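model.pdb (PDB, C-alpha atoms) appears below.
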ATOM      1  CA  MET A   1       5.744  23.086 -17.339
ATOM      2  CA  SER A   2       2.739  24.777 -15.743
ATOM      3  CA  ARG A   3       0.388  22.808 -17.990
ATOM      4  CA  VAL A   4       2.050  19.535 -16.956
ATOM      5  CA  TRP A   5       1.861  20.471 -13.274
ATOM      6  CA  SER A   6      -1.796  21.510 -13.532
ATOM      7  CA  GLU A   7      -2.613  18.023 -14.799
ATOM      8  CA  LEU A   8      -0.207  16.160 -12.539
ATOM      9  CA  ASP A   9      -1.157  17.871  -9.265
ATOM     10  CA  PRO A  10      -4.672  16.359  -8.962
ATOM     11  CA  LEU A  11      -3.358  12.908  -9.879
ATOM     12  CA  LEU A  12      -0.689  13.036  -7.202
ATOM     13  CA  ARG A  13      -3.188  14.306  -4.614
ATOM     14  CA  ARG A  14      -5.542  11.427  -5.384
ATOM     15  CA  TYR A  15      -2.657   8.982  -5.217
ATOM     16  CA  PHE A  16      -1.639  10.154  -1.744
ATOM     17  CA  ILE A  17      -5.264   9.996  -0.603
ATOM     18  CA  GLY A  18      -5.238   6.412  -1.910
ATOM     19  CA  VAL A  19      -2.136   5.714   0.177
ATOM     20  CA  ALA A  20      -3.993   7.044   3.236
ATOM     21  CA  LEU A  21      -6.911   4.714   2.432
ATOM     22  CA  VAL A  22      -4.557   1.735   2.216
ATOM     23  CA  ILE A  23      -3.118   2.678   5.617
ATOM     24  CA  ALA A  24      -6.626   2.938   7.088
ATOM     25  CA  TYR A  25      -7.565  -0.423   5.538
ATOM     26  CA  ALA A  26      -4.437  -2.099   6.911
ATOM     27  CA  SER A  27      -5.091  -0.737  10.407
ATOM     28  CA  THR A  28      -8.743  -1.759  10.366
ATOM     29  CA  VAL A  29      -8.164  -5.270   9.063
ATOM     30  CA  ALA A  30      -5.241  -5.710  11.455
ATOM     31  CA  TYR A  31      -7.446  -4.732  14.393
ATOM     32  CA  VAL A  32     -10.196  -7.117  13.311
ATOM     33  CA  GLY A  33      -7.701  -9.948  12.895
ATOM     34  CA  LEU A  34      -5.529  -9.323  15.929
ATOM     35  CA  GLY A  35      -8.159  -8.093  18.353
ATOM     36  CA  LEU A  36     -11.483  -9.605  17.434
ATOM     37  CA  VAL A  37     -10.421 -12.898  15.841
ATOM     38  CA  LEU A  38      -7.167 -13.746  17.632
ATOM     39  CA  GLY A  39      -7.971 -11.892  20.861
ATOM     40  CA  LEU A  40      -4.501 -10.434  21.402
ATOM     41  CA  ARG A  41      -3.908  -7.865  24.105
ATOM     42  CA  HIS A  42      -2.844  -4.457  22.795
ATOM     43  CA  ALA A  43      -4.444  -5.246  19.432
ATOM     44  CA  LEU A  44      -5.329  -1.601  18.819
ATOM     45  CA  LEU A  45      -1.723  -0.505  19.276
ATOM     46  CA  LEU A  46      -0.484  -3.333  17.040
ATOM     47  CA  ALA A  47      -3.088  -2.448  14.392
ATOM     48  CA  LEU A  48      -2.130   1.232  14.381
ATOM     49  CA  LEU A  49       1.525   0.251  14.139
ATOM     50  CA  THR A  50       0.700  -2.044  11.217
ATOM     51  CA  GLY A  51      -1.013   0.817   9.404
ATOM     52  CA  LEU A  52       1.797   3.272  10.038
ATOM     53  CA  LEU A  53       4.471   0.810   8.968
ATOM     54  CA  GLU A  54       2.549   0.251   5.727
ATOM     55  CA  VAL A  55       4.089   3.526   4.536
ATOM     56  CA  LEU A  56       7.520   1.897   4.379
ATOM     57  CA  PRO A  57       7.446  -0.576   1.498
ATOM     58  CA  LEU A  58       8.929  -4.025   2.075
ATOM     59  CA  ILE A  59      10.532  -3.176   5.427
ATOM     60  CA  GLY A  60       7.397  -1.816   7.124
ATOM     61  CA  PRO A  61       5.076  -4.774   6.551
ATOM     62  CA  LEU A  62       7.850  -7.173   7.529
ATOM     63  CA  ALA A  63       8.512  -5.249  10.742
ATOM     64  CA  ALA A  64       4.776  -5.123  11.537
ATOM     65  CA  ALA A  65       4.444  -8.878  10.971
ATOM     66  CA  ILE A  66       7.438  -9.600  13.210
ATOM     67  CA  ILE A  67       6.228  -7.327  16.013
ATOM     68  CA  ALA A  68       2.683  -8.696  15.933
ATOM     69  CA  GLY A  69       4.080 -12.225  15.548
ATOM     70  CA  LEU A  70       6.172 -11.836  18.674
ATOM     71  CA  ALA A  71       3.107 -10.608  20.577
ATOM     72  CA  ALA A  72       1.053 -13.498  19.221
ATOM     73  CA  THR A  73       3.623 -16.149  20.154
ATOM     74  CA  GLN A  74       4.058 -14.684  23.616
ATOM     75  CA  GLN A  75       0.306 -14.836  24.228
ATOM     76  CA  ALA A  76      -0.233 -18.174  22.472
ATOM     77  CA  THR A  77      -1.649 -21.021  24.520
ATOM     78  CA  SER A  78      -1.107 -23.669  21.853
ATOM     79  CA  GLY A  79       0.423 -24.286  18.475
ATOM     80  CA  TRP A  80      -2.950 -23.607  16.877
ATOM     81  CA  ASN A  81      -2.760 -19.984  18.045
ATOM     82  CA  ILE A  82       0.527 -19.560  16.216
ATOM     83  CA  LEU A  83      -0.865 -21.203  13.075
ATOM     84  CA  ALA A  84      -3.894 -18.902  13.289
ATOM     85  CA  TYR A  85      -1.554 -15.901  13.413
ATOM     86  CA  VAL A  86       0.392 -17.148  10.390
ATOM     87  CA  ALA A  87      -2.878 -17.583   8.479
ATOM     88  CA  TYR A  88      -4.017 -14.098   9.521
ATOM     89  CA  ALA A  89      -0.703 -12.495   8.488
ATOM     90  CA  THR A  90      -0.788 -14.257   5.116
ATOM     91  CA  VAL A  91      -4.361 -13.183   4.386
ATOM     92  CA  LEU A  92      -3.610  -9.604   5.470
ATOM     93  CA  ARG A  93      -0.563  -9.312   3.202
ATOM     94  CA  LEU A  94      -2.339 -10.860   0.222
ATOM     95  CA  SER A  95      -5.387  -8.652   0.672
ATOM     96  CA  ILE A  96      -3.291  -5.485   0.825
ATOM     97  CA  ASP A  97      -0.605  -6.297  -1.751
ATOM     98  CA  GLN A  98      -2.641  -8.145  -4.349
ATOM     99  CA  PHE A  99      -6.143  -6.783  -3.947
ATOM    100  CA  PHE A 100      -6.923  -3.605  -2.029
ATOM    101  CA  GLY A 101      -3.698  -1.661  -2.579
ATOM    102  CA  PRO A 102      -3.442  -1.983  -6.374
ATOM    103  CA  ILE A 103      -7.164  -1.366  -6.898
ATOM    104  CA  VAL A 104      -7.345   1.721  -4.677
ATOM    105  CA  LEU A 105      -4.038   3.182  -5.824
ATOM    106  CA  GLY A 106      -4.843   2.354  -9.443
ATOM    107  CA  ARG A 107      -8.196   4.106  -9.307
ATOM    108  CA  ALA A 108      -6.787   7.052  -7.407
ATOM    109  CA  SER A 109      -3.977   7.564  -9.904
ATOM    110  CA  ARG A 110      -5.941   6.365 -12.936
ATOM    111  CA  LEU A 111      -3.499   3.559 -13.621
ATOM    112  CA  ARG A 112      -4.483  -0.057 -14.070
ATOM    113  CA  PRO A 113      -3.886  -2.218 -10.958
ATOM    114  CA  VAL A 114      -1.432  -4.362 -12.924
ATOM    115  CA  SER A 115       0.507  -1.197 -13.807
ATOM    116  CA  VAL A 116       0.674  -0.246 -10.129
ATOM    117  CA  ILE A 117       2.039  -3.688  -9.236
ATOM    118  CA  PHE A 118       4.555  -3.422 -12.114
ATOM    119  CA  CYS A 119       5.630   0.042 -10.907
ATOM    120  CA  PHE A 120       6.210  -1.263  -7.383
ATOM    121  CA  LEU A 121       8.158  -4.282  -8.601
ATOM    122  CA  SER A 122      10.334  -2.429 -11.098
ATOM    123  CA  GLY A 123      10.945   0.465  -8.693
ATOM    124  CA  GLY A 124      11.951  -1.998  -5.990
ATOM    125  CA  ILE A 125      14.261  -3.968  -8.258
ATOM    126  CA  LEU A 126      15.949  -0.882  -9.686
ATOM    127  CA  PHE A 127      16.152   1.416  -6.657
ATOM    128  CA  GLY A 128      15.094  -0.565  -3.577
ATOM    129  CA  THR A 129      12.793   0.954  -0.971
ATOM    130  CA  VAL A 130      13.088   4.471  -2.373
ATOM    131  CA  GLY A 131      12.155   3.112  -5.795
ATOM    132  CA  VAL A 132       8.990   1.519  -4.434
ATOM    133  CA  ILE A 133       7.967   4.755  -2.718
ATOM    134  CA  LEU A 134       8.560   6.877  -5.828
ATOM    135  CA  ALA A 135       7.483   4.346  -8.475
ATOM    136  CA  VAL A 136       3.873   5.406  -8.993
ATOM    137  CA  PRO A 137       4.474   9.182  -8.759
ATOM    138  CA  VAL A 138       7.271   8.855 -11.332
ATOM    139  CA  ALA A 139       5.038   6.758 -13.610
ATOM    140  CA  LEU A 140       2.280   9.367 -13.293
ATOM    141  CA  SER A 141       4.744  12.124 -14.142
ATOM    142  CA  ILE A 142       5.934  10.279 -17.239
ATOM    143  CA  LYS A 143       2.346   9.584 -18.282
ATOM    144  CA  VAL A 144       1.308  13.248 -17.967
ATOM    145  CA  VAL A 145       4.435  14.574 -19.706
ATOM    146  CA  LEU A 146       3.961  12.209 -22.655
ATOM    147  CA  ALA A 147       0.250  12.989 -22.879
ATOM    148  CA  THR A 148       1.048  16.706 -22.872
ATOM    149  CA  LEU A 149       3.784  16.356 -25.488
ATOM    150  CA  TYR A 150       1.516  14.421 -27.825
ATOM    151  CA  ASN A 151      -1.579  16.518 -27.031
ATOM    152  CA  GLU A 152      -3.549  13.544 -25.793
ATOM    153  CA  ARG A 153      -5.927  13.385 -22.880
ATOM    154  CA  HIS A 154      -4.585  11.154 -20.137
ATOM    155  CA  THR A 155      -7.129   8.812 -18.614
TER     156      THR A 155
END

Representation of the structure as structure tokens:
Amino acid sequence: MSRVWSELDPLLRRYFIGVALVIAYASTVAYVGLGLVLGLRHALLLALLTGLLEVLPLIGPLAAAIIAGLAATQQATSGWNILAYVAYATVLRLSIDQFFGPIVLGRASRLRPVSVIFCFLSGGILFGTVGVILAVPVALSIKVVLATLYNERHT
């Protein structure tokens, strides 16, 4: 057990640092999009909220999009402003969910990005929000236990 934990501990630490990087990325990109591109008031607050809500899988990003969407529609001067917000929200979600998140979390945990996406999807399907949160740590635990049992180096 101590051998498994000694190998698992650094992987889990790197994974949670990766989660912090994804939160920082989401906040930064949200501020650029909401504040600098769309020119919304309170963009910094909305960006920080977007980053913090990124911790809650599925529900958090949806809540952040709704809150920022309400602010964007309230401040919109034309239909083009609303379309610009929809485009921004789509690009933000795709960049986090399909690009930045899997790459950063995959490198941090030494899993392939496709494996990270698979973990999130299967965890979400099987156990909902809790499954998404615990999916990668559980996969890392299984990987380390199997590598230890079969005396292989995990990479």

For Leu121 of chain A, which of A:Ile133, A:Ala68, A:Ala87, A:Ala147 is the closest residue, counting all atoms listed in the file?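 Looking only at the distances to Leu121 of chain A, the closest residue turns out to be A:Ile133.
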
Rounded to one decimal, what separation in Å do you get between atom CA of Phe99 of chain A and atom CA of Gly128 of chain A?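 Value for the atom CA of Phe99 of chain A-atom CA of Gly128 of chain A distance: 22.1 Å.
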
What are the closest atom pairs, with distances in Å to one decimal, for each residue of segment 31-149 of chain A lying within 10 Å of segment 3-15 of chain A, using only C-alpha atoms, rows by chain and rising residue number, as JSON lines?
{"residue": "A:Val104", "atom": "CA", "partner": "A:Tyr15", "partner_atom": "CA", "distance": 8.7}
{"residue": "A:Leu105", "atom": "CA", "partner": "A:Tyr15", "partner_atom": "CA", "distance": 6.0}
{"residue": "A:Gly106", "atom": "CA", "partner": "A:Tyr15", "partner_atom": "CA", "distance": 8.2}
{"residue": "A:Arg107", "atom": "CA", "partner": "A:Tyr15", "partner_atom": "CA", "distance": 8.4}
{"residue": "A:Ala108", "atom": "CA", "partner": "A:Arg14", "partner_atom": "CA", "distance": 5.0}
{"residue": "A:Ser109", "atom": "CA", "partner": "A:Tyr15", "partner_atom": "CA", "distance": 5.1}
{"residue": "A:Arg110", "atom": "CA", "partner": "A:Leu11", "partner_atom": "CA", "distance": 7.7}
{"residue": "A:Val136", "atom": "CA", "partner": "A:Tyr15", "partner_atom": "CA", "distance": 8.3}
{"residue": "A:Pro137", "atom": "CA", "partner": "A:Leu12", "partner_atom": "CA", "distance": 6.6}
{"residue": "A:Val138", "atom": "CA", "partner": "A:Leu12", "partner_atom": "CA", "distance": 9.9}
{"residue": "A:Leu140", "atom": "CA", "partner": "A:Leu8", "partner_atom": "CA", "distance": 7.3}
{"residue": "A:Ser141", "atom": "CA", "partner": "A:Leu8", "partner_atom": "CA", "distance": 6.6}
{"residue": "A:Ile142", "atom": "CA", "partner": "A:Leu8", "partner_atom": "CA", "distance": 9.7}
{"residue": "A:Lys143", "atom": "CA", "partner": "A:Leu8", "partner_atom": "CA", "distance": 9.1}
{"residue": "A:Val144", "atom": "CA", "partner": "A:Leu8", "partner_atom": "CA", "distance": 6.3}
{"residue": "A:Val145", "atom": "CA", "partner": "A:Val4", "partner_atom": "CA", "distance": 6.2}
{"residue": "A:Leu146", "atom": "CA", "partner": "A:Val4", "partner_atom": "CA", "distance": 9.5}
{"residue": "A:Ala147", "atom": "CA", "partner": "A:Val4", "partner_atom": "CA", "distance": 9.0}
{"residue": "A:Thr148", "atom": "CA", "partner": "A:Val4", "partner_atom": "CA", "distance": 6.6}
{"residue": "A:Leu149", "atom": "CA", "partner": "A:Val4", "partner_atom": "CA", "distance": 9.3}

Counting only C-alpha atoms, which residues come within 12 Å of (3.7, -5.4, -11.2), with the point read in the file's coordinates, and could you list them as a PyMOL selection string? chain A and resi 97-98+101-102+106+111-125+132+135-136

Just so the selection is clear, what residues does the PyMOL selection byres ((chain A and resi 27-39) around 10) cover here, as a PyMOL selection string? chain A and resi 21-26+40-54+68+71-72+75-76+81-82+84-85+88-89+91-92+95-96

Length of the atom CA of Val19 of chain A to atom CA of Ala65 of chain A vector [Å]: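 Straight-line distance from atom CA of Val19 of chain A to atom CA of Ala65 of chain A works out to 19.3 Å.
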
One-decimal distance in Å that lies between atom CA of Leu83 of chain A and atom CA of Gly69 of chain A: 10.5 Å

Counting only C-alpha atoms, the option among A:Gly18, A:Thr73, A:Asn151, A:Ser78 closest to Val55 of chain A: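 Closest residue, counting only C-alpha atoms: A:Gly18.
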
Would you place a box with edges along x, y and z of the file around all atoms of segment 33-52 of chain A listed there, add 5 Å to each of its six sides, and report the centre and edge lengths in Å to one decimal, as JSON?
{"center_x": -4.8, "center_y": -5.2, "center_z": 16.8, "size_x": 23.3, "size_y": 27.0, "size_z": 24.7}
